[in-house]
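Dumped structure.cif below, it's mmCIF, C-alpha atoms:
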```cif
data_my_file
loop_
_atom_site.label_atom_id
_atom_site.label_comp_id
_atom_site.auth_asym_id
_atom_site.auth_seq_id
_atom_site.Cartn_x
_atom_site.Cartn_y
_atom_site.Cartn_z
CA MET B 1 -86.03 11.95 -32.60
CA ARG B 2 -83.25 13.57 -30.45
CA SER B 3 -83.65 17.02 -28.91
CA GLU B 4 -81.24 19.94 -29.42
CA ALA B 5 -79.87 19.45 -25.88
CA GLU B 6 -79.10 15.84 -26.64
CA GLY B 7 -77.37 16.83 -29.90
CA ALA B 8 -75.22 19.41 -28.09
CA VAL B 9 -73.66 16.94 -25.71
CA PRO B 10 -71.07 15.47 -28.11
CA HIS B 11 -70.10 18.96 -29.25
CA GLU B 12 -69.55 20.15 -25.62
CA LYS B 13 -67.52 17.07 -24.75
CA GLN B 14 -65.28 17.57 -27.77
CA ALA B 15 -64.70 21.22 -26.92
CA VAL B 16 -63.79 20.51 -23.28
CA THR B 17 -61.56 17.46 -23.69
CA SER B 18 -59.32 18.32 -26.63
CA GLY B 19 -58.97 20.39 -29.74
CA GLN B 20 -57.15 17.52 -31.49
CA ASP B 21 -58.41 14.69 -33.49
CA PRO B 22 -58.91 11.49 -31.46
CA VAL B 23 -56.47 9.75 -33.76
CA ASP B 24 -53.80 12.34 -32.94
CA ASP B 25 -54.43 11.85 -29.20
CA ALA B 26 -53.92 8.13 -29.53
CA ALA B 27 -50.70 8.70 -31.47
CA SER B 28 -49.45 11.08 -28.79
CA GLU B 29 -50.18 8.53 -26.10
CA ASP B 30 -48.32 5.88 -28.06
CA GLU B 31 -45.29 8.18 -28.42
CA SER B 32 -45.22 8.97 -24.70
CA SER B 33 -45.43 5.30 -23.84
CA THR B 34 -42.74 4.23 -26.35
CA GLY B 35 -40.37 7.04 -27.44
CA GLY B 36 -40.60 8.96 -24.15
CA GLY B 37 -39.86 5.84 -22.15
CA LYS B 38 -36.83 5.11 -24.27
CA SER B 39 -35.50 8.64 -23.68
CA LYS B 40 -35.99 8.26 -19.94
CA ASN B 41 -34.22 4.90 -19.94
CA LYS B 42 -31.32 6.41 -21.88
CA LYS B 43 -30.94 9.17 -19.28
CA GLN B 44 -30.95 6.66 -16.44
CA GLY B 45 -28.44 4.49 -18.26
CA SER B 46 -26.08 7.40 -18.93
CA PHE B 47 -26.27 8.41 -15.25
CA TRP B 48 -25.13 4.99 -14.05
CA LYS B 49 -22.35 4.98 -16.64
CA GLU B 50 -21.13 8.41 -15.51
CA LEU B 51 -21.38 7.68 -11.78
CA PRO B 52 -18.07 5.74 -11.54
CA VAL B 53 -16.32 8.59 -13.37
CA LEU B 54 -17.80 11.15 -10.98
CA ILE B 55 -16.73 9.07 -7.97
CA GLY B 56 -13.24 8.69 -9.43
CA VAL B 57 -12.89 12.43 -10.01
CA ALA B 58 -14.15 13.15 -6.50
CA LEU B 59 -11.59 10.75 -5.01
CA VAL B 60 -8.74 12.26 -7.00
CA LEU B 61 -9.72 15.79 -5.96
CA ALA B 62 -10.01 14.69 -2.33
CA LEU B 63 -6.53 13.13 -2.45
CA VAL B 64 -5.05 16.26 -4.03
CA ILE B 65 -6.68 18.49 -1.41
CA LYS B 66 -5.51 16.13 1.32
CA ALA B 67 -1.94 16.12 0.04
CA PHE B 68 -1.53 19.87 -0.30
CA ALA B 69 -4.23 21.85 1.53
CA VAL B 70 -6.65 20.41 4.10
CA GLN B 71 -6.91 16.95 5.64
CA ALA B 72 -9.47 15.44 7.99
CA PHE B 73 -8.29 13.57 11.09
CA TYR B 74 -10.10 11.26 13.50
CA ILE B 75 -9.48 11.72 17.24
CA PRO B 76 -8.83 8.24 18.73
CA SER B 77 -7.83 9.01 22.32
CA ALA B 78 -8.73 11.15 25.33
CA SER B 79 -5.40 12.99 25.45
CA MET B 80 -6.89 16.31 24.25
CA GLU B 81 -10.14 16.32 26.26
CA ASN B 82 -12.14 18.44 26.87
CA THR B 83 -11.01 20.40 23.82
CA LEU B 84 -11.30 17.33 21.58
CA GLN B 85 -13.39 14.26 22.34
CA ILE B 86 -12.88 10.67 21.19
CA GLY B 87 -14.56 10.33 17.80
CA ASP B 88 -14.29 14.00 16.83
CA ARG B 89 -13.19 14.81 13.30
CA VAL B 90 -11.01 17.86 12.79
CA LEU B 91 -9.74 19.62 9.69
CA VAL B 92 -6.02 20.30 9.53
CA ASN B 93 -4.57 23.21 7.56
CA LYS B 94 -1.44 21.97 5.79
CA ILE B 95 -0.62 25.30 4.14
CA VAL B 96 -0.52 27.64 7.13
CA TYR B 97 3.05 26.79 8.19
CA HIS B 98 4.31 27.68 4.74
CA THR B 99 3.15 31.25 5.43
CA ARG B 100 3.95 31.59 9.16
CA ASP B 101 5.89 29.88 11.93
CA ILE B 102 4.32 27.50 14.42
CA LYS B 103 2.98 29.40 17.41
CA ARG B 104 2.63 28.52 21.07
CA GLY B 105 -0.93 27.35 21.69
CA ASP B 106 -1.41 25.88 18.20
CA ILE B 107 -3.00 22.42 18.13
CA VAL B 108 -0.86 20.47 15.70
CA VAL B 109 -1.02 17.07 14.07
CA PHE B 110 2.38 15.46 13.59
CA ASN B 111 3.81 12.15 12.50
CA GLY B 112 5.44 10.21 15.31
CA LEU B 113 6.97 7.51 13.12
CA ASP B 114 10.27 6.26 14.57
CA SER B 115 10.10 8.74 17.45
CA TRP B 116 7.02 8.10 19.61
CA ASP B 117 5.16 4.88 20.30
CA PRO B 118 1.43 4.82 19.43
CA GLU B 119 -0.93 6.01 22.18
CA VAL B 120 -3.61 3.58 20.96
CA ASP B 121 -2.82 0.17 19.46
CA TYR B 122 -4.90 -1.04 16.51
CA ALA B 123 -5.10 -4.53 15.06
CA GLU B 124 -3.61 -4.77 11.57
CA PRO B 125 -6.31 -5.56 8.94
CA SER B 126 -6.24 -9.27 8.09
CA ASN B 127 -7.23 -9.09 4.41
CA PRO B 128 -6.63 -6.79 1.40
CA VAL B 129 -10.19 -5.46 1.38
CA SER B 130 -9.95 -4.40 5.02
CA LYS B 131 -6.59 -2.75 4.33
CA VAL B 132 -8.06 -0.76 1.45
CA LEU B 133 -11.05 0.30 3.55
CA ARG B 134 -8.73 1.32 6.40
CA ALA B 135 -6.62 3.38 4.00
CA ILE B 136 -9.70 5.12 2.56
CA GLY B 137 -11.09 5.76 6.04
CA THR B 138 -7.78 7.26 7.18
CA THR B 139 -7.65 9.46 4.09
CA PHE B 140 -11.07 10.98 4.77
CA GLY B 141 -10.72 11.20 8.55
CA VAL B 142 -13.23 8.49 9.47
CA ALA B 143 -10.62 6.02 10.73
CA PRO B 144 -7.60 6.59 13.02
CA ASN B 145 -3.97 6.57 11.94
CA GLU B 146 -1.76 5.08 14.62
CA LYS B 147 1.32 7.02 13.45
CA ASP B 148 -0.21 10.50 13.80
CA TYR B 149 -0.66 12.47 17.01
CA ILE B 150 -2.46 15.64 17.98
CA LYS B 151 -1.16 17.89 20.78
CA ARG B 152 -0.92 21.52 21.82
CA VAL B 153 2.35 23.39 21.29
CA ILE B 154 3.65 24.75 24.60
CA GLY B 155 7.24 25.60 23.70
CA ILE B 156 8.83 26.64 20.40
CA PRO B 157 12.56 26.67 19.54
CA GLY B 158 14.57 28.60 22.13
CA ASP B 159 11.88 28.45 24.84
CA ARG B 160 12.61 27.25 28.35
CA VAL B 161 9.59 25.23 29.49
CA LYS B 162 9.43 24.50 33.20
CA CYS B 163 7.09 23.04 35.79
CA CYS B 164 6.15 24.27 38.11
CA ASP B 165 6.18 27.67 39.85
CA ALA B 166 4.97 28.34 43.39
CA GLN B 167 1.34 28.37 42.21
CA GLY B 168 1.75 25.07 40.34
CA ARG B 169 1.75 26.69 36.88
CA ILE B 170 3.87 25.81 33.88
CA THR B 171 6.18 28.65 32.88
CA VAL B 172 7.60 29.47 29.46
CA ASN B 173 10.70 31.68 29.61
CA GLY B 174 9.73 32.45 33.20
CA VAL B 175 6.21 33.62 32.24
CA PRO B 176 3.40 31.58 33.89
CA LEU B 177 0.61 30.14 31.72
CA ASP B 178 -3.04 30.36 32.78
CA GLU B 179 -4.35 27.05 31.40
CA LYS B 180 -7.69 26.84 33.20
CA ARG B 181 -9.72 27.50 30.04
CA TYR B 182 -8.55 24.37 28.21
CA LEU B 183 -7.25 21.85 30.75
CA PHE B 184 -9.47 18.80 31.22
CA SER B 185 -12.29 19.07 33.77
CA ASP B 186 -14.15 16.01 35.00
CA PRO B 187 -17.78 16.40 33.86
CA GLN B 188 -18.99 14.62 37.00
CA THR B 189 -17.01 16.47 39.68
CA ASP B 190 -15.75 19.55 37.77
CA GLU B 191 -12.30 18.73 39.14
CA GLN B 192 -9.64 20.04 36.80
CA ASN B 193 -6.29 18.51 35.89
CA LYS B 194 -3.17 20.10 37.31
CA PRO B 195 -0.86 21.56 34.67
CA SER B 196 1.47 18.63 35.42
CA ASN B 197 1.89 16.02 38.11
CA GLU B 198 5.60 15.76 37.36
CA THR B 199 8.31 18.39 37.27
CA PHE B 200 10.46 19.18 34.26
CA ASP B 201 12.82 21.86 33.02
CA HIS B 202 13.67 21.79 29.33
CA THR B 203 15.08 24.27 26.84
CA VAL B 204 13.70 23.57 23.37
CA LYS B 205 16.44 23.15 20.78
CA PRO B 206 16.30 24.66 17.28
CA GLY B 207 13.94 22.79 14.97
CA GLN B 208 12.05 21.17 17.87
CA LEU B 209 8.73 21.69 19.73
CA TRP B 210 7.56 20.90 23.27
CA VAL B 211 3.97 19.59 23.02
CA MET B 212 1.39 18.54 25.62
CA GLY B 213 -2.15 17.19 25.66
CA ASP B 214 -4.96 19.13 27.35
CA HIS B 215 -5.89 16.06 29.40
CA ARG B 216 -2.62 16.07 31.30
CA GLU B 217 -3.30 13.01 33.46
CA VAL B 218 -3.66 10.63 30.49
CA SER B 219 -1.63 12.34 27.77
CA SER B 220 1.59 10.65 26.73
CA ASP B 221 3.27 13.82 25.54
CA SER B 222 6.70 15.45 25.68
CA ARG B 223 6.93 14.71 29.40
CA ALA B 224 6.69 10.97 28.78
CA HIS B 225 9.41 10.98 26.09
CA ARG B 226 12.18 12.86 27.87
CA GLY B 227 14.38 9.78 27.62
CA ASP B 228 14.20 9.91 23.82
CA PRO B 229 16.97 11.54 21.74
CA GLY B 230 14.99 14.79 21.44
CA GLY B 231 14.44 14.97 25.20
CA GLY B 232 10.69 14.70 24.63
CA THR B 233 10.44 17.32 21.92
CA ILE B 234 9.26 16.61 18.38
CA PRO B 235 10.86 17.80 15.11
CA VAL B 236 9.18 20.75 13.40
CA SER B 237 9.66 18.84 10.16
CA ARG B 238 7.26 16.13 11.40
CA VAL B 239 4.34 18.57 11.79
CA ILE B 240 1.60 17.86 9.25
CA GLY B 241 -0.48 20.95 9.95
CA ARG B 242 -2.63 22.93 12.36
CA ALA B 243 -6.04 21.67 13.50
CA PHE B 244 -8.33 24.67 13.13
CA VAL B 245 -11.94 23.40 13.25
CA ILE B 246 -14.07 20.50 14.52
CA VAL B 247 -16.41 19.34 11.75
CA TRP B 248 -18.01 16.25 13.33
CA PRO B 249 -20.23 15.48 15.19
CA LEU B 250 -22.57 18.29 14.22
CA ASP B 251 -23.29 19.35 17.79
CA ARG B 252 -19.58 19.98 18.37
CA ILE B 253 -18.75 22.02 15.28
CA GLY B 254 -16.46 24.89 16.23
CA THR B 255 -13.10 26.55 15.72
CA LEU B 256 -9.87 25.86 17.64
CA PRO B 257 -8.32 29.26 18.36
CA ILE B 258 -5.08 29.94 20.24
CA PRO B 259 -5.84 30.56 23.95
CA LYS B 260 -5.21 34.11 25.13
CA THR B 261 -2.59 33.04 27.67
CA PHE B 262 -0.20 32.41 24.78
CA GLU B 263 -0.69 35.96 23.53
CA GLN B 264 1.14 37.48 26.51
CA PRO B 265 3.74 39.94 25.13
CA ALA B 266 6.10 38.92 27.93
CA LEU B 267 6.49 35.46 26.34
CA ASN B 268 8.06 36.86 23.20
CA ALA B 269 10.00 39.51 25.09
CA ALA B 270 11.56 36.87 27.34
CA ALA B 271 12.29 34.64 24.35
CA ALA B 272 14.02 37.51 22.56
CA LEU B 273 16.34 37.97 25.52
CA THR B 274 17.24 34.29 25.72
CA PRO B 275 19.79 34.27 22.86
CA ALA B 276 21.31 37.52 24.15
CA VAL B 277 22.11 36.11 27.58
CA PRO B 278 24.78 33.61 26.45
CA LEU B 279 26.19 36.25 24.11
CA ALA B 280 26.45 38.78 26.93
CA LEU B 281 28.09 36.22 29.18
CA GLY B 282 30.51 35.47 26.39
CA PHE B 283 31.53 39.12 26.17
CA VAL B 284 31.92 39.35 29.95
CA GLY B 285 34.17 36.29 29.97
CA ALA B 286 36.14 37.51 26.97
CA VAL B 287 37.16 40.87 28.48
CA PRO B 288 39.57 39.49 31.12
CA VAL B 289 41.08 37.13 28.57
CA VAL B 290 41.76 40.00 26.15
CA LEU B 291 43.25 42.18 28.92
CA VAL B 292 45.55 39.40 30.17
CA ARG B 293 46.66 38.63 26.62
CA ARG B 294 47.40 42.31 25.99
CA ARG B 295 49.49 42.62 29.17
CA LEU B 296 51.47 39.51 28.32
CA ARG B 297 52.16 40.84 24.83
CA ILE B 298 53.41 44.17 26.22
CA ARG B 299 55.60 42.37 28.76
CA PHE B 300 57.14 40.11 26.12
CA ALA B 301 57.76 43.12 23.88
CA ARG B 302 59.58 44.98 26.67
CA ALA B 303 61.64 41.94 27.53
CA ARG B 304 62.67 41.55 23.89
CA ASP B 305 63.64 45.22 23.54
CA SER B 306 65.74 45.12 26.71
#
```
Please lay out the structure from this file as structure tokens.
Amino acid sequence: MRSEAEGAVPHEKQAVTSGQDPVDDAASEDESSTGGGKSKNKKQGSFWKELPVLIGVALVLALVIKAFAVQAFYIPSASMENTLQIGDRVLVNKIVYHTRDIKRGDIVVFNGLDSWDPEVDYAEPSNPVSKVLRAIGTTFGVAPNEKDYIKRVIGIPGDRVKCCDAQGRITVNGVPLDEKRYLFSDPQTDEQNKPSNETFDHTVKPGQLWVMGDHREVSSDSRAHRGDPGGGTIPVSRVIGRAFVIVWPLDRIGTLPIPKTFEQPALNAAAALTPAVPLALGFVGAVPVVLVRRRLRIRFARARDS
């Protein structure tokens, strides 16, 4: 004969474990192991079906953004050190020059096709797959494009860019530039590049730009292309956009502002006077011609009357 304590055990167990009938519990377990599993499998299957669509949409959006707004570029050479290092990725604003003119000190990316030779030679991909991968890498700024260059604008249309003054500085419209903040410095010796090891004197024509790399000793810039039709300058129409931020590697993230030396008011004041000088000289030269012509006309008139 069982005691009351022994008879209470099944009742306590039932109260603690579940308020449902054991049959219902078994049915629930069967549902979770069959119907629930099917639902989970359906969700996983739909995800893998939608993934190619998501990737396709992302690629299309990236291409649209690249074409009209912002594009990533890979830095392949040392011509802009220390400002930009080999392997850096920068974002280039392709809209900014639709709202303002190119400014001195801007770091610009431009296409050098048919005007400048590549600074770095790359082997052409040998198979279609490699070509596609190269194209995708170039699009997203993880592979270099041998036709694009990145330099700093030193002279804009109408500027007279000259090297060097008595202190060895480059002058723009007679105003010296203080370039110490961005010219390359050797990390081992702290020795800094000179503004230029070669002399030049060039007036930038309309629609052109004089550009230079920050690592002057290795940069093949406007100085190296003075024998070209543009005299070393590049067409404004070839500019793709302005590099405004470094986005990779993470420890080098930062903006690319215009150095303060290019904000000197005297630069613009001197540039504003440049077009007036030839005009003034033209007036000075025209005065004697007009006076002589007037005298001759009076003399001929008198001779005719007499």
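One distance worth recording is that between atom CA of B:Leu183 and atom CA of B:Thr255, which is 16.8 Å.
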Worksheet item: the PyMOL selection byres ((chain B and resi 208-218) around 6) on the file shown: which residues, as a ChimeraX atom specification?
Response: /B:79-81,151-157,183-184,205-207,219,221-222,233-236
Output as lines of an AutoDock Vina configuration file the centre and edge lengths (Å, one decimal) of the box along x, y and z of the file that holds every listed atom of stretch 183-192 of chain B after adding 6 Å on each side.
```
center_x = -13.1
center_y = 18.2
center_z = 35.2
size_x = 23.7
size_y = 19.2
size_z = 20.9
```
Discussion item. Taking 4 positions as the minimum chain separation for residues in the same chain, which residues sit within 10 Å of B:Glu263 when counting only C-alpha atoms? Answer as an MDAnalysis selection string.
Written reply: chainID B and resid 103:105 258:259 267:268
Worksheet item: What is the atom CA of B:Asp106 to atom CA of B:Asn82 distance in Å?
Response: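 Spanning atom CA of B:Asp106 to atom CA of B:Asn82 is a straight-line distance of 15.7 Å.
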Practice prompt. Find the residues near stretch 170-174 of chain B: any atom within 8 Å, counting only C-alpha atoms, skip ones fewer than 3 places away on the same chain, and give them as a ChimeraX atom specification.
Written response: /B:154-155,159-165,177,195-196,267,270-271
Practice prompt. Excluding B:Leu250 and residues on its chain fewer than 5 positions from it, collect all residues at most 12 Å away from it, counting all atoms listed in the file, and give them as an MDAnalysis selection string.
Written response: chainID B and resid 87:90 245
Item to complete: One decimal, Å: what's the distance from atom CA of B:Val92 over to atom CA of B:Phe110, could you say?
Response: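 We find that atom CA of B:Val92 and atom CA of B:Phe110 lie 10.5 Å from each other.
Distance annotation: of B:Val204, B:Val109, B:Leu54, B:Leu256, the residue with the minimal separation from B:Gly158 is B:Val204; atom set is all atoms listed in the file.
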Worksheet item: Which residue out of B:Asp101, B:Asp201, B:Glu191, B:Asp178 has the minimum interatomic distance to B:Gly231 when only C-alpha atoms are used?
Response: B:Asp201
May I have a table of the residues of stretch 210-247 of chain B lying at most 12 Å from stretch 95-99 of chain B, giving each one's closest pair of atoms and their distance in Å to one decimal, counting all atoms listed in the file, ordered by chain and ascending residue number, as a Markdown table?
```
| residue | atom | partner | partner_atom | distance |
| --- | --- | --- | --- | --- |
| B:Val236 | CA | B:Tyr97 | CA | 10.1 |
| B:Ser237 | CA | B:Tyr97 | CA | 10.5 |
| B:Arg238 | CA | B:Tyr97 | CA | 11.9 |
| B:Val239 | CA | B:Tyr97 | CA | 9.1 |
| B:Ile240 | CA | B:Tyr97 | CA | 9.1 |
| B:Gly241 | CA | B:Tyr97 | CA | 7.0 |
| B:Arg242 | CA | B:Val96 | CA | 7.3 |
| B:Ala243 | CA | B:Val96 | CA | 10.3 |
| B:Phe244 | CA | B:Val96 | CA | 10.3 |
```
